[in-house]
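upload-v5.csv (CSV, C-alpha atoms) appears below.
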```
chain,number,residue,atom,x,y,z
A,242,MET,CA,-121.9,-83.9,-194.3
A,243,PHE,CA,-120.6,-86.0,-191.4
A,244,ARG,CA,-117.4,-88.1,-191.3
A,245,PHE,CA,-116.9,-91.0,-188.9
A,246,GLU,CA,-113.3,-92.1,-188.2
A,247,THR,CA,-112.6,-95.7,-187.6
A,248,SER,CA,-111.0,-98.9,-189.0
A,249,TRP,CA,-111.1,-99.0,-192.8
A,250,THR,CA,-111.6,-102.8,-193.0
A,251,ARG,CA,-114.3,-102.8,-190.3
A,252,TRP,CA,-116.3,-100.0,-192.0
A,253,ARG,CA,-116.1,-101.8,-195.3
A,254,SER,CA,-117.2,-105.0,-193.7
A,255,ALA,CA,-120.1,-103.5,-191.8
A,256,ALA,CA,-121.4,-101.7,-194.9
A,257,ALA,CA,-121.2,-104.6,-197.2
A,258,PRO,CA,-124.4,-105.8,-198.9
A,259,GLY,CA,-124.6,-109.0,-196.9
A,260,GLY,CA,-127.9,-109.5,-195.1
A,261,ALA,CA,-130.2,-107.9,-197.7
A,262,ARG,CA,-133.0,-109.7,-199.3
A,263,SER,CA,-132.6,-111.0,-202.9
A,264,ASP,CA,-134.2,-107.8,-204.2
A,265,GLY,CA,-131.6,-105.7,-202.3
A,266,VAL,CA,-134.0,-104.4,-199.6
A,267,VAL,CA,-132.4,-104.1,-196.2
A,268,GLN,CA,-135.4,-102.6,-194.3
A,269,THR,CA,-138.8,-101.1,-194.6
A,270,PHE,CA,-140.3,-98.0,-192.9
A,271,VAL,CA,-143.6,-96.1,-192.5
A,272,THR,CA,-143.2,-92.4,-192.8
A,273,HIS,CA,-145.0,-89.9,-190.4
A,274,GLU,CA,-147.7,-89.5,-193.1
A,275,GLY,CA,-148.2,-93.3,-193.5
A,276,ALA,CA,-146.3,-93.9,-196.7
A,277,ARG,CA,-144.4,-97.2,-196.9
A,278,VAL,CA,-140.9,-97.1,-198.2
A,279,GLU,CA,-138.0,-99.5,-198.6
A,280,LEU,CA,-134.3,-99.0,-198.1
A,281,ARG,CA,-132.3,-101.0,-200.7
A,282,HIS,CA,-128.8,-101.3,-201.9
A,283,MET,CA,-127.8,-99.2,-204.9
A,284,CYS,CA,-127.2,-101.3,-208.0
A,285,SER,CA,-126.3,-100.5,-211.6
A,286,GLN,CA,-129.9,-100.9,-212.6
A,287,SER,CA,-130.9,-98.0,-210.3
A,288,THR,CA,-128.7,-95.3,-212.0
A,289,ASP,CA,-131.5,-93.8,-214.1
A,290,ALA,CA,-133.8,-93.6,-211.1
A,291,LEU,CA,-131.1,-91.9,-209.0
A,292,ARG,CA,-130.4,-89.5,-211.8
A,293,ARG,CA,-134.1,-88.5,-212.1
A,294,PHE,CA,-134.3,-88.1,-208.3
A,295,THR,CA,-131.2,-85.9,-208.1
A,296,ALA,CA,-132.4,-83.7,-211.0
A,297,SER,CA,-135.8,-83.2,-209.3
A,298,LEU,CA,-134.4,-81.8,-206.1
A,299,SER,CA,-135.2,-78.2,-205.2
A,300,ALA,CA,-132.5,-75.5,-205.0
A,301,ARG,CA,-132.9,-75.6,-201.2
A,302,SER,CA,-132.3,-79.4,-201.0
A,303,VAL,CA,-129.3,-79.1,-203.5
A,304,GLY,CA,-127.8,-76.4,-201.4
A,305,LEU,CA,-128.2,-78.3,-198.1
A,306,ARG,CA,-126.8,-81.5,-199.5
A,307,PHE,CA,-124.2,-80.4,-202.0
A,308,HIS,CA,-123.4,-76.8,-200.8
A,309,VAL,CA,-124.0,-75.4,-204.3
A,310,GLY,CA,-126.8,-73.4,-205.9
A,311,SER,CA,-127.5,-75.8,-208.7
A,312,MET,CA,-126.2,-78.9,-210.4
A,313,SER,CA,-125.4,-79.3,-214.1
A,314,SER,CA,-126.2,-82.5,-216.0
A,315,GLU,CA,-122.5,-83.4,-215.9
A,316,THR,CA,-122.3,-83.0,-212.1
A,317,ILE,CA,-125.4,-85.1,-211.7
A,318,ASP,CA,-124.0,-87.8,-213.9
A,319,HIS,CA,-120.8,-87.8,-211.9
A,320,PHE,CA,-122.7,-88.1,-208.6
A,321,VAL,CA,-124.7,-91.0,-209.9
A,322,ARG,CA,-121.7,-92.8,-211.3
A,323,ASP,CA,-120.0,-92.5,-207.9
A,324,ALA,CA,-122.9,-94.2,-206.2
A,325,VAL,CA,-122.4,-97.5,-208.0
A,326,MET,CA,-120.1,-99.6,-205.8
A,327,ASP,CA,-116.8,-100.3,-207.6
A,328,ASP,CA,-114.4,-103.2,-207.1
A,329,ARG,CA,-112.6,-101.2,-204.3
A,330,GLY,CA,-115.8,-100.8,-202.4
A,331,ALA,CA,-114.9,-97.1,-201.9
A,332,VAL,CA,-118.6,-96.1,-202.0
A,333,ARG,CA,-121.7,-97.7,-200.5
A,334,SER,CA,-125.1,-96.3,-201.4
A,335,TRP,CA,-128.6,-97.1,-200.4
A,336,LEU,CA,-131.8,-95.8,-201.9
A,337,TRP,CA,-135.2,-95.1,-200.3
A,338,THR,CA,-138.0,-96.2,-202.7
A,339,PRO,CA,-141.8,-96.4,-202.2
A,340,LEU,CA,-143.0,-99.9,-201.5
A,341,GLY,CA,-143.1,-101.9,-204.7
A,342,GLN,CA,-141.6,-99.1,-206.8
A,343,PRO,CA,-137.9,-99.7,-207.1
A,344,ASP,CA,-137.6,-97.4,-210.0
A,345,THR,CA,-138.8,-94.3,-208.0
A,346,VAL,CA,-136.2,-92.9,-205.6
A,347,VAL,CA,-137.2,-90.7,-202.7
A,348,GLY,CA,-133.9,-90.6,-200.8
A,349,GLU,CA,-130.3,-91.6,-200.9
A,350,VAL,CA,-127.9,-92.6,-198.1
A,351,ARG,CA,-124.2,-92.7,-199.1
A,352,LEU,CA,-121.0,-93.6,-197.4
A,353,GLY,CA,-117.7,-92.7,-199.1
A,354,PHE,CA,-114.6,-94.5,-197.7
A,355,ALA,CA,-111.1,-93.0,-197.6
A,356,PRO,CA,-108.6,-95.6,-196.6
A,357,ALA,CA,-106.1,-94.9,-193.8
A,358,HIS,CA,-102.4,-94.4,-194.2
A,359,SER,CA,-99.6,-95.1,-191.7
A,360,GLY,CA,-101.9,-96.7,-189.2
A,361,ALA,CA,-104.2,-93.7,-188.9
A,362,ALA,CA,-108.0,-94.2,-188.7
A,363,ALA,CA,-109.9,-94.4,-191.9
A,364,ARG,CA,-112.7,-92.0,-192.7
A,365,ALA,CA,-116.2,-92.8,-193.8
A,366,GLU,CA,-118.1,-89.8,-195.0
A,367,LEU,CA,-121.9,-89.8,-194.7
A,368,GLY,CA,-124.3,-87.9,-197.0
A,369,ILE,CA,-128.1,-88.0,-196.9
A,370,VAL,CA,-130.5,-86.4,-199.3
A,371,ILE,CA,-134.3,-86.8,-199.1
A,372,ALA,CA,-136.9,-85.8,-201.8
A,373,ASP,CA,-138.6,-82.5,-201.0
A,374,ALA,CA,-142.0,-84.2,-200.7
A,375,TYR,CA,-140.7,-86.7,-198.2
A,376,GLN,CA,-138.7,-84.4,-195.9
A,377,ARG,CA,-139.7,-84.1,-192.2
A,378,GLN,CA,-141.3,-87.5,-192.4
A,379,GLY,CA,-138.7,-89.4,-190.5
A,380,LEU,CA,-136.6,-90.7,-193.4
A,381,GLY,CA,-133.5,-88.6,-192.5
A,382,LEU,CA,-133.6,-89.8,-188.9
A,383,ARG,CA,-134.2,-93.4,-190.0
A,384,SER,CA,-131.2,-93.1,-192.4
A,385,VAL,CA,-129.0,-91.9,-189.6
A,386,GLU,CA,-130.1,-94.7,-187.3
A,387,PHE,CA,-129.3,-97.2,-190.1
A,388,ILE,CA,-125.7,-95.8,-190.3
A,389,GLN,CA,-125.5,-95.8,-186.5
A,390,SER,CA,-126.2,-99.6,-186.6
A,391,LEU,CA,-123.2,-99.9,-188.9
A,392,ALA,CA,-121.1,-97.6,-186.7
A,393,GLN,CA,-121.8,-99.6,-183.6
A,394,LYS,CA,-120.0,-102.5,-185.3
A,395,THR,CA,-116.8,-100.5,-185.8
A,396,GLY,CA,-116.0,-98.5,-182.8
A,397,VAL,CA,-116.2,-94.9,-184.1
A,398,GLN,CA,-113.3,-92.7,-183.0
A,399,GLY,CA,-114.4,-89.3,-184.1
A,400,VAL,CA,-117.1,-87.2,-185.8
A,401,LYS,CA,-116.5,-84.4,-188.3
A,402,ALA,CA,-119.1,-82.2,-189.9
A,403,THR,CA,-119.2,-79.4,-192.5
A,404,VAL,CA,-122.1,-77.0,-192.3
A,405,LEU,CA,-123.0,-73.7,-193.9
A,406,ALA,CA,-121.8,-70.7,-191.9
A,407,HIS,CA,-125.3,-69.1,-191.9
A,408,ASN,CA,-126.9,-72.2,-190.4
A,409,ARG,CA,-126.9,-70.7,-186.9
A,410,ALA,CA,-129.1,-73.3,-185.4
A,411,VAL,CA,-126.8,-76.2,-186.2
A,412,ILE,CA,-123.7,-74.2,-185.3
A,413,GLY,CA,-125.2,-73.3,-181.9
A,414,LEU,CA,-125.9,-77.0,-181.3
A,415,LEU,CA,-122.4,-77.9,-182.2
A,416,ARG,CA,-121.0,-75.3,-179.9
A,417,HIS,CA,-123.2,-76.4,-177.1
A,418,CYS,CA,-121.9,-80.0,-177.5
A,419,ASP,CA,-118.4,-78.7,-177.4
A,420,PHE,CA,-117.4,-79.4,-181.0
A,421,GLU,CA,-114.2,-77.6,-182.2
A,422,LEU,CA,-115.4,-75.1,-184.8
A,423,ALA,CA,-113.4,-73.3,-187.5
A,424,LEU,CA,-114.1,-71.4,-190.7
A,425,ASP,CA,-113.0,-72.9,-193.9
A,426,ALA,CA,-109.6,-71.4,-194.9
A,427,ASP,CA,-110.7,-71.0,-198.5
A,428,ASP,CA,-114.5,-70.5,-198.2
A,429,PRO,CA,-115.7,-68.4,-195.2
A,430,GLY,CA,-119.2,-69.5,-196.0
A,431,MET,CA,-118.4,-73.0,-194.6
A,432,VAL,CA,-117.7,-74.1,-191.1
A,433,HIS,CA,-115.9,-77.3,-190.1
A,434,ALA,CA,-116.7,-79.0,-186.8
A,435,LEU,CA,-114.7,-81.7,-185.0
A,436,TRP,CA,-115.3,-83.9,-182.0
A,437,PRO,CA,-113.4,-84.7,-179.9
A,438,ARG,CA,-111.6,-81.4,-179.7
A,439,THR,CA,-107.9,-81.0,-180.6
A,440,ASP,CA,-107.4,-77.3,-179.5
A,441,GLY,CA,-107.0,-77.9,-175.8
A,442,GLY,CA,-110.4,-76.6,-174.9
A,443,HIS,CA,-113.0,-78.3,-172.7
A,444,VAL,CA,-113.6,-81.9,-173.7
A,445,PHE,CA,-117.2,-82.8,-173.8
A,446,ALA,CA,-117.7,-86.4,-172.6
A,447,PRO,CA,-121.2,-87.5,-173.8
A,448,GLU,CA,-122.8,-90.5,-172.3
A,449,PRO,CA,-122.7,-93.7,-174.5
A,450,ALA,CA,-124.3,-93.2,-178.0
A,451,GLY,CA,-124.4,-89.4,-177.4
A,452,TRP,CA,-122.9,-88.6,-180.7
A,453,GLN,CA,-125.6,-90.7,-182.5
A,454,ARG,CA,-128.3,-88.6,-180.8
A,455,LEU,CA,-126.5,-85.4,-181.7
A,456,ILE,CA,-126.3,-86.3,-185.4
A,457,SER,CA,-129.9,-87.3,-185.4
A,458,ARG,CA,-130.9,-83.9,-184.1
A,459,MET,CA,-128.7,-82.2,-186.6
A,460,VAL,CA,-130.2,-84.0,-189.6
A,461,GLY,CA,-133.6,-82.7,-188.4
A,462,MET,CA,-135.6,-84.7,-191.0
```

Re-express the file's structure as structure tokens.
Amino acid sequence: MFRFETSWTRWRSAAAPGGARSDGVVQTFVTHEGARVELRHMCSQSTDALRRFTASLSARSVGLRFHVGSMSSETIDHFVRDAVMDDRGAVRSWLWTPLGQPDTVVGEVRLGFAPAHSGAAARAELGIVIADAYQRQGLGLRSVEFIQSLAQKTGVQGVKATVLAHNRAVIGLLRHCDFELALDADDPGMVHALWPRTDGGHVFAPEPAGWQRLISRMVGM
């Protein structure tokens, strides 16, 4: 899970549905195995498809995305309801679907917005989950690139990530890129990462767009 800190109004504006086709499609993509898929805005008519997709995820995919071993029907329903954009625009969700099959979901990209208070930067939390059969085919990376294009319009001020403590590969990458790492105070199985650092340590200064490449590598899909 990654969080990008920037202006609340600019994030909402950048992630608004404008620019999509009349059917909600914002872009198309060909996977590494040659499958054609479309990224479309989530709408109320897509809730059943998203529910079926979420229920079909393997335990491994559920663990990586939601940090739990399994999801109850009630939890899945709550996840699906949150994906439908409300009047406040607090959630934006996009669905990957096979070309011409809008009722079959093979991936979801979600931004959850937390408005700022007292002039502080707002937060936009990114979550990506890809169907098991479509993993390692470029959809995860393409999803990150899509969010990057939104972030470039906003002037991202910081990146936060929450990863499993046993995910040594990602933690090693974060440490190499000079993220500030800390175990969760309530759950030692989770690690929180923050860039830029706040603990007075060495400040890693990546070249422009370095954080985008970092996140692309971390997604690894």

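Proximity of A:Val346, A:Cys284, A:Ala331, A:Ala434 to Tyr375 (chain A), computed with only C-alpha atoms, is greatest for A:Val346.
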
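Distance-wise, CA of Asp428 (chain A) and CA of Gly348 (chain A) end up 28.1 Å apart.
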
Excluding same-chain residues fewer than 4 positions from Ser313 (chain A), what lies within 9 Å of it counting only C-alpha atoms, as a short mmCIF file (atom, residue, chain, number, x, y, z; two decimals) with C-alpha atoms, keeping the file's coordinate frame?
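And here is the file that came out, out17.cif:
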```
data_model
loop_
_atom_site.label_atom_id
_atom_site.label_comp_id
_atom_site.auth_asym_id
_atom_site.auth_seq_id
_atom_site.Cartn_x
_atom_site.Cartn_y
_atom_site.Cartn_z
CA ALA A 296 -132.40 -83.70 -211.00
CA ILE A 317 -125.40 -85.10 -211.70
CA ASP A 318 -124.00 -87.80 -213.90
#
```

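Each of A:Val303, A:Val347, A:Val432, A:Val385 was checked against Arg277 (chain A) using all atoms listed in the file; the smallest atom-to-atom distance is that of A:Val347.
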
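A straight line drawn from CA of Asp373 (chain A) to CA of Gly341 (chain A) is 20.3 Å long.
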
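If you look at CA of Ala426 (chain A) and CA of Val332 (chain A), they are 27.2 Å away from each other.
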